[in-house]
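Colleague: Here you go, one structure.
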Amino acid sequence: MIEKLQDKSRNICVVGMGYVGLPLILEFAKHYSTIGFDINEQLINTLNSNVDPRNEIDPSQFEGVDVKFTSDPEDLIEVGVWIIAVATPITKLKSPDLRPLISASELVAKYMEVDSYIIYESTVFPGCTEEDCLTTLKKHSKLLYPEQFHIAYSPERINPGDRVHTLTNTIKIVSGDSDNTLDFVTQLYESIIEAGVHKATSIKVAEAAKIIENTQRDLNIAFMNELSIIFDLMDIKTQDVLEAAGTKWNFLKFYPGLVGGHCIGVDPYYLTHKSESLGYRPEIILAGRKVNDNLSKHVVKKILSHFKVHQIGTDQAKVLVLGITFKENVSDVRNSKVVDVVQELTNYNVKVEIFDQIVDESALKQHNQLETIDTIGTEYDCVIAAVKHTEFLSYHSDFFKGILNEDAILIDVKNIYNESYAKHYWSL
């Protein structure tokens with residue numbers, strides 16, 4: 001298959017042109033003939049114009065590469081390698097939503113040819129690739145397994161907004177259903193990953209390694225968030241405590257904050273789902289999730305308490321939110337906990353204005369019925385510095401004094417500023 005890919009008699013198809021699939025296909029397209037598939041026709045049209053709507057990929061990276069972007073399944077011909085990189089979200093009940101993954105597997109099963117390799121990159125619970133995905137492939141394909149097709153798992157490690165830790169300089173975990181498959185997947189990814197690969201001993205091990213990366217981070221942030229709540233009751237600044245503790249060489253430097261997005265706030269539920277299906281309830285992981293999921297309510301509680309002390313009626317209060325995306329310098333608003341803060345405040349009839357020039361406006365309006373303002377106003381009773389966009393780092397104390405009312409409070413969720421910026425200041 002490597003030889004067929006090299007002479008371009010076979011294509012590599014990446015299913016899912018999101019944060020993971022797009023940079024992956026463009027890297028493979030430097031060496032092989034590739035097809036980038038997504039069911040979103042609008043997205044495909046944008047990509048065919050050499051534009052990444054998320055602004056993660058520079059237009060120059062679309063030039064000089066062998067790639068065809070399409071939403072038409074009839075274009076999926078002569079594909080030897082299928083890489084599935086679709087989203088793996090959770091339901092409202094916080095259980096795995098495998099529908100995108102199963103749908104992508106059904107598509108591949110219909111069009112894959114003899115001797116195809118199907119590689120999954122989506123984050124899943126251990127066992128999902130061999131149990132759910134492989135079962136779907138066998139059910140909807142006329143090919144025999146393992147005689148006529150092979151499966152592998154190589155978890156994505158893309159960090160949106162990160163220009164330092166990129167696809168090619170981050171070690172890639174690879175695994176396969178046999179030694180031969182593992183050798184092929186290793187050779188394939190080594191052709192584009194400068195940092196090299198790590199061969200996992202099994203597909204389940206690779207799945208587990210990925211799922212605990214984000215779960216570990218989630219737990220560490222949850223610990224910081226709980227400390228922040230405790231220290232707030234003690235009238236101690238959390239950042240002062242962390243700065244002091246950080247002088248010890250083995251102290252892990254994590255910080256409190258809202259935990260959203262499509263990875264850290266989601267992946268732990270995949271692991272806990274699998275664990276509970278086996279009869280064990282993971283207390284620590286779920287406790288961490290509870291703390292992080294409820295932190296937005298803690299922030300709102302602090303704001304309402306300030307309003308009450310200073311006799312600011314909630315139905316007359318005006319709040320400015322700086323940043324609505326789930327992370328700094330990204331346009332993605334999926335599972336943004338800042339949205340939770342906004343919606344919680346509006347439940348108390350607080351007037352909330354959102355300023356974010358990076359956010360994907362259509363996604364914000366479609367999923368959360370929210371809109372941003374073009375220009376920051378004045379006479380705010382509260383400003384919430386919610387996301388650490390680069391633009392907000394340049395805001396100075398005079399800026400806040402010019403837009404805040406006399407007894408207004410600056411809620412510095414990301415610890416961008418300090419107490420000199422406002423008469424009333426609070427941070428996690």
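Every chain in the structure tokens has a letter given in the order shown (A, B, ...), and although residue numbers restart at 1 in each chain, ligands are simply numbered from 1 in the order shown.
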Could you name the residues that touch A:Tyr270 at 7 Å or less, counting only C-alpha atoms, but leaving out those on the same chain fewer than 4 positions away, as a PDB file with C-alpha atoms, in the first residue's frame?
Modeller:
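File produced: out.pdb:
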```pdb
ATOM      1  CA  SER A  95     -22.860  10.174  27.733  1.00  0.00           C
ATOM      2  CA  PRO A  96     -20.877   9.503  24.516  1.00  0.00           C
ATOM      3  CA  VAL A 124     -13.021   7.498  22.128  1.00  0.00           C
ATOM      4  CA  PHE A 125     -13.193   5.215  25.155  1.00  0.00           C
ATOM      5  CA  LYS A 274     -16.947   2.884  29.802  1.00  0.00           C
TER       6      LYS A 274
END
```
Colleague: Could you find all residues in stretch 124-315 of chain A that DSSP calls alpha helix (DSSP H) from the backbone, and write them as an NGL selection string?
Modeller: :A and (128 or 134-140 or 179-190 or 203-233 or 238-245 or 267-277 or 283-293 or 295-309)
Colleague: Write out as a PDB file with C-alpha atoms, in the first residue's frame each polymer residue whose atoms come within 9 Å of A:Glu56, counting only C-alpha atoms; drop sequence neighbours fewer than 5 positions from it.
Modeller:
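Result file out21.pdb:
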```
ATOM      1  CA  TYR A  19      -9.385  21.074  13.652  1.00  0.00           C
ATOM      2  CA  PRO A  23      -4.091  20.060   9.030  1.00  0.00           C
ATOM      3  CA  PRO A 160      -6.287  24.595  18.628  1.00  0.00           C
ATOM      4  CA  GLY A 161      -4.628  27.993  18.659  1.00  0.00           C
ATOM      5  CA  ASP A 162      -1.214  26.533  19.493  1.00  0.00           C
ATOM      6  CA  ARG A 163       1.478  27.584  17.009  1.00  0.00           C
ATOM      7  CA  VAL A 330      -9.695  30.500  18.615  1.00  0.00           C
TER       8      VAL A 330
END
```
Colleague: Write out as a list in words the set of residues from stretch 113-217 of chain A that DSSP, computed on the backbone, places in strand (DSSP E or B).
Modeller: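 For stretch 113-217 of chain A, the strand (DSSP E or B) set is Ser116, Tyr117, Ile118, Ile119, Tyr120, Phe149, His150, Ile151, Ala152, Tyr153, Lys172, Ile173, Val174, Ser175, Gly176, Val197, His198 and Lys199 of chain A.
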Colleague: Got time to write the residues from that selection, N, CA and C atoms, as a PDB file, in the first residue's frame?
Modeller:
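Produced file again-v2.pdb, reproduced below:
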```pdb
ATOM      1  N   SER A 116      -8.028  -2.213   2.097  1.00  0.00           N
ATOM      2  CA  SER A 116      -8.071  -0.871   2.663  1.00  0.00           C
ATOM      3  C   SER A 116      -7.611  -0.868   4.121  1.00  0.00           C
ATOM      4  N   TYR A 117      -7.064   0.273   4.533  1.00  0.00           N
ATOM      5  CA  TYR A 117      -6.713   0.525   5.930  1.00  0.00           C
ATOM      6  C   TYR A 117      -7.622   1.630   6.441  1.00  0.00           C
ATOM      7  N   ILE A 118      -8.293   1.381   7.564  1.00  0.00           N
ATOM      8  CA  ILE A 118      -9.154   2.389   8.172  1.00  0.00           C
ATOM      9  C   ILE A 118      -8.527   2.796   9.499  1.00  0.00           C
ATOM     10  N   ILE A 119      -8.129   4.052   9.581  1.00  0.00           N
ATOM     11  CA  ILE A 119      -7.451   4.566  10.772  1.00  0.00           C
ATOM     12  C   ILE A 119      -8.367   5.571  11.463  1.00  0.00           C
ATOM     13  N   TYR A 120      -8.593   5.364  12.755  1.00  0.00           N
ATOM     14  CA  TYR A 120      -9.434   6.276  13.536  1.00  0.00           C
ATOM     15  C   TYR A 120      -8.551   7.225  14.347  1.00  0.00           C
ATOM     16  N   PHE A 149      -9.662  -6.115   4.880  1.00  0.00           N
ATOM     17  CA  PHE A 149      -9.408  -4.743   5.330  1.00  0.00           C
ATOM     18  C   PHE A 149      -8.852  -4.769   6.747  1.00  0.00           C
ATOM     19  N   HIS A 150      -8.246  -3.658   7.141  1.00  0.00           N
ATOM     20  CA  HIS A 150      -7.516  -3.597   8.412  1.00  0.00           C
ATOM     21  C   HIS A 150      -7.881  -2.311   9.148  1.00  0.00           C
ATOM     22  N   ILE A 151      -7.851  -2.349  10.456  1.00  0.00           N
ATOM     23  CA  ILE A 151      -8.171  -1.152  11.237  1.00  0.00           C
ATOM     24  C   ILE A 151      -6.995  -0.754  12.133  1.00  0.00           C
ATOM     25  N   ALA A 152      -6.931   0.523  12.428  1.00  0.00           N
ATOM     26  CA  ALA A 152      -5.870   1.060  13.279  1.00  0.00           C
ATOM     27  C   ALA A 152      -6.409   2.247  14.050  1.00  0.00           C
ATOM     28  N   TYR A 153      -5.659   2.652  15.067  1.00  0.00           N
ATOM     29  CA  TYR A 153      -6.050   3.820  15.858  1.00  0.00           C
ATOM     30  C   TYR A 153      -4.813   4.658  16.137  1.00  0.00           C
ATOM     31  N   LYS A 172       3.468  11.064  17.615  1.00  0.00           N
ATOM     32  CA  LYS A 172       2.187  10.456  17.259  1.00  0.00           C
ATOM     33  C   LYS A 172       2.117   9.036  17.809  1.00  0.00           C
ATOM     34  N   ILE A 173       1.050   8.750  18.533  1.00  0.00           N
ATOM     35  CA  ILE A 173       0.801   7.384  18.998  1.00  0.00           C
ATOM     36  C   ILE A 173       0.151   6.607  17.863  1.00  0.00           C
ATOM     37  N   VAL A 174       0.636   5.411  17.602  1.00  0.00           N
ATOM     38  CA  VAL A 174       0.055   4.564  16.559  1.00  0.00           C
ATOM     39  C   VAL A 174      -0.231   3.177  17.115  1.00  0.00           C
ATOM     40  N   SER A 175      -1.237   2.535  16.540  1.00  0.00           N
ATOM     41  CA  SER A 175      -1.581   1.163  16.934  1.00  0.00           C
ATOM     42  C   SER A 175      -2.308   0.509  15.780  1.00  0.00           C
ATOM     43  N   GLY A 176      -2.371  -0.827  15.799  1.00  0.00           N
ATOM     44  CA  GLY A 176      -3.051  -1.532  14.725  1.00  0.00           C
ATOM     45  C   GLY A 176      -3.591  -2.870  15.179  1.00  0.00           C
ATOM     46  N   VAL A 197       7.030   8.529  15.974  1.00  0.00           N
ATOM     47  CA  VAL A 197       5.830   7.892  16.498  1.00  0.00           C
ATOM     48  C   VAL A 197       6.151   7.015  17.697  1.00  0.00           C
ATOM     49  N   HIS A 198       5.117   6.739  18.475  1.00  0.00           N
ATOM     50  CA  HIS A 198       5.204   5.785  19.577  1.00  0.00           C
ATOM     51  C   HIS A 198       4.263   4.630  19.281  1.00  0.00           C
ATOM     52  N   LYS A 199       4.800   3.412  19.237  1.00  0.00           N
ATOM     53  CA  LYS A 199       3.982   2.246  18.938  1.00  0.00           C
ATOM     54  C   LYS A 199       3.314   1.726  20.215  1.00  0.00           C
TER      55      LYS A 199
END
```
Colleague: Which of these residues is nearest to A:Asn159, using only C-alpha atoms: A:Gly127, A:Gly261, A:Pro146, A:Gly16?
Modeller: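 Once distances to A:Asn159 are computed over only C-alpha atoms, the minimum belongs to A:Gly261.
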Colleague: Would you pick out the contacts of stretch 288-296 of chain A at 8 Å or less, using only C-alpha atoms, so that residues sharing its chain but fewer than 6 positions from it are not included, and give the list as a PDB file with C-alpha atoms, in the first residue's frame?
Modeller:
```pdb
ATOM      1  CA  ASP A 218      -9.298  18.223  33.641  1.00  0.00           C
ATOM      2  CA  LEU A 219      -8.604  16.881  37.126  1.00  0.00           C
ATOM      3  CA  ILE A 221      -7.701  22.233  36.744  1.00  0.00           C
ATOM      4  CA  ALA A 222     -10.604  21.003  38.881  1.00  0.00           C
ATOM      5  CA  PHE A 223      -8.265  20.885  41.879  1.00  0.00           C
ATOM      6  CA  ASN A 225     -10.831  25.552  40.829  1.00  0.00           C
ATOM      7  CA  GLU A 226     -11.780  23.983  44.125  1.00  0.00           C
ATOM      8  CA  GLY A 257     -10.470  28.639  35.010  1.00  0.00           C
ATOM      9  CA  LEU A 258     -13.564  27.769  33.022  1.00  0.00           C
ATOM     10  CA  VAL A 259     -13.127  24.385  31.343  1.00  0.00           C
ATOM     11  CA  GLY A 265     -14.733  19.181  29.062  1.00  0.00           C
ATOM     12  CA  PRO A 268     -13.541  12.390  30.642  1.00  0.00           C
ATOM     13  CA  LYS A 337     -18.480  27.744  29.636  1.00  0.00           C
ATOM     14  CA  VAL A 338     -18.527  31.500  29.096  1.00  0.00           C
ATOM     15  CA  ASP A 340     -23.060  29.257  30.526  1.00  0.00           C
ATOM     16  CA  VAL A 341     -22.104  32.389  32.476  1.00  0.00           C
TER      17      VAL A 341
END
```
Colleague: Mind checking which residues fall within 6 Å of A:Arg10, counting only C-alpha atoms, ignoring those fewer than 4 positions away in the same chain, and posting them as a compact mmCIF listing (two decimals) with C-alpha atoms, in the first residue's frame?
Modeller:
```txt
# COMPACT_ATOMS: atom_id res chain seq x y z
CA LYS A 4 0.59 2.55 -4.23
CA LEU A 5 0.32 5.72 -2.18
CA GLU A 78 -9.35 4.56 -5.43
CA VAL A 79 -8.96 5.19 -1.71
CA GLY A 80 -6.49 2.88 -0.02
```
Colleague: For a test of reading the model, state the distance in Å between atom CA of A:Leu43 and atom CA of A:Pro155, rounded to one decimal.
Modeller: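 For atom CA of A:Leu43 relative to atom CA of A:Pro155, the distance reads 23.4 Å.
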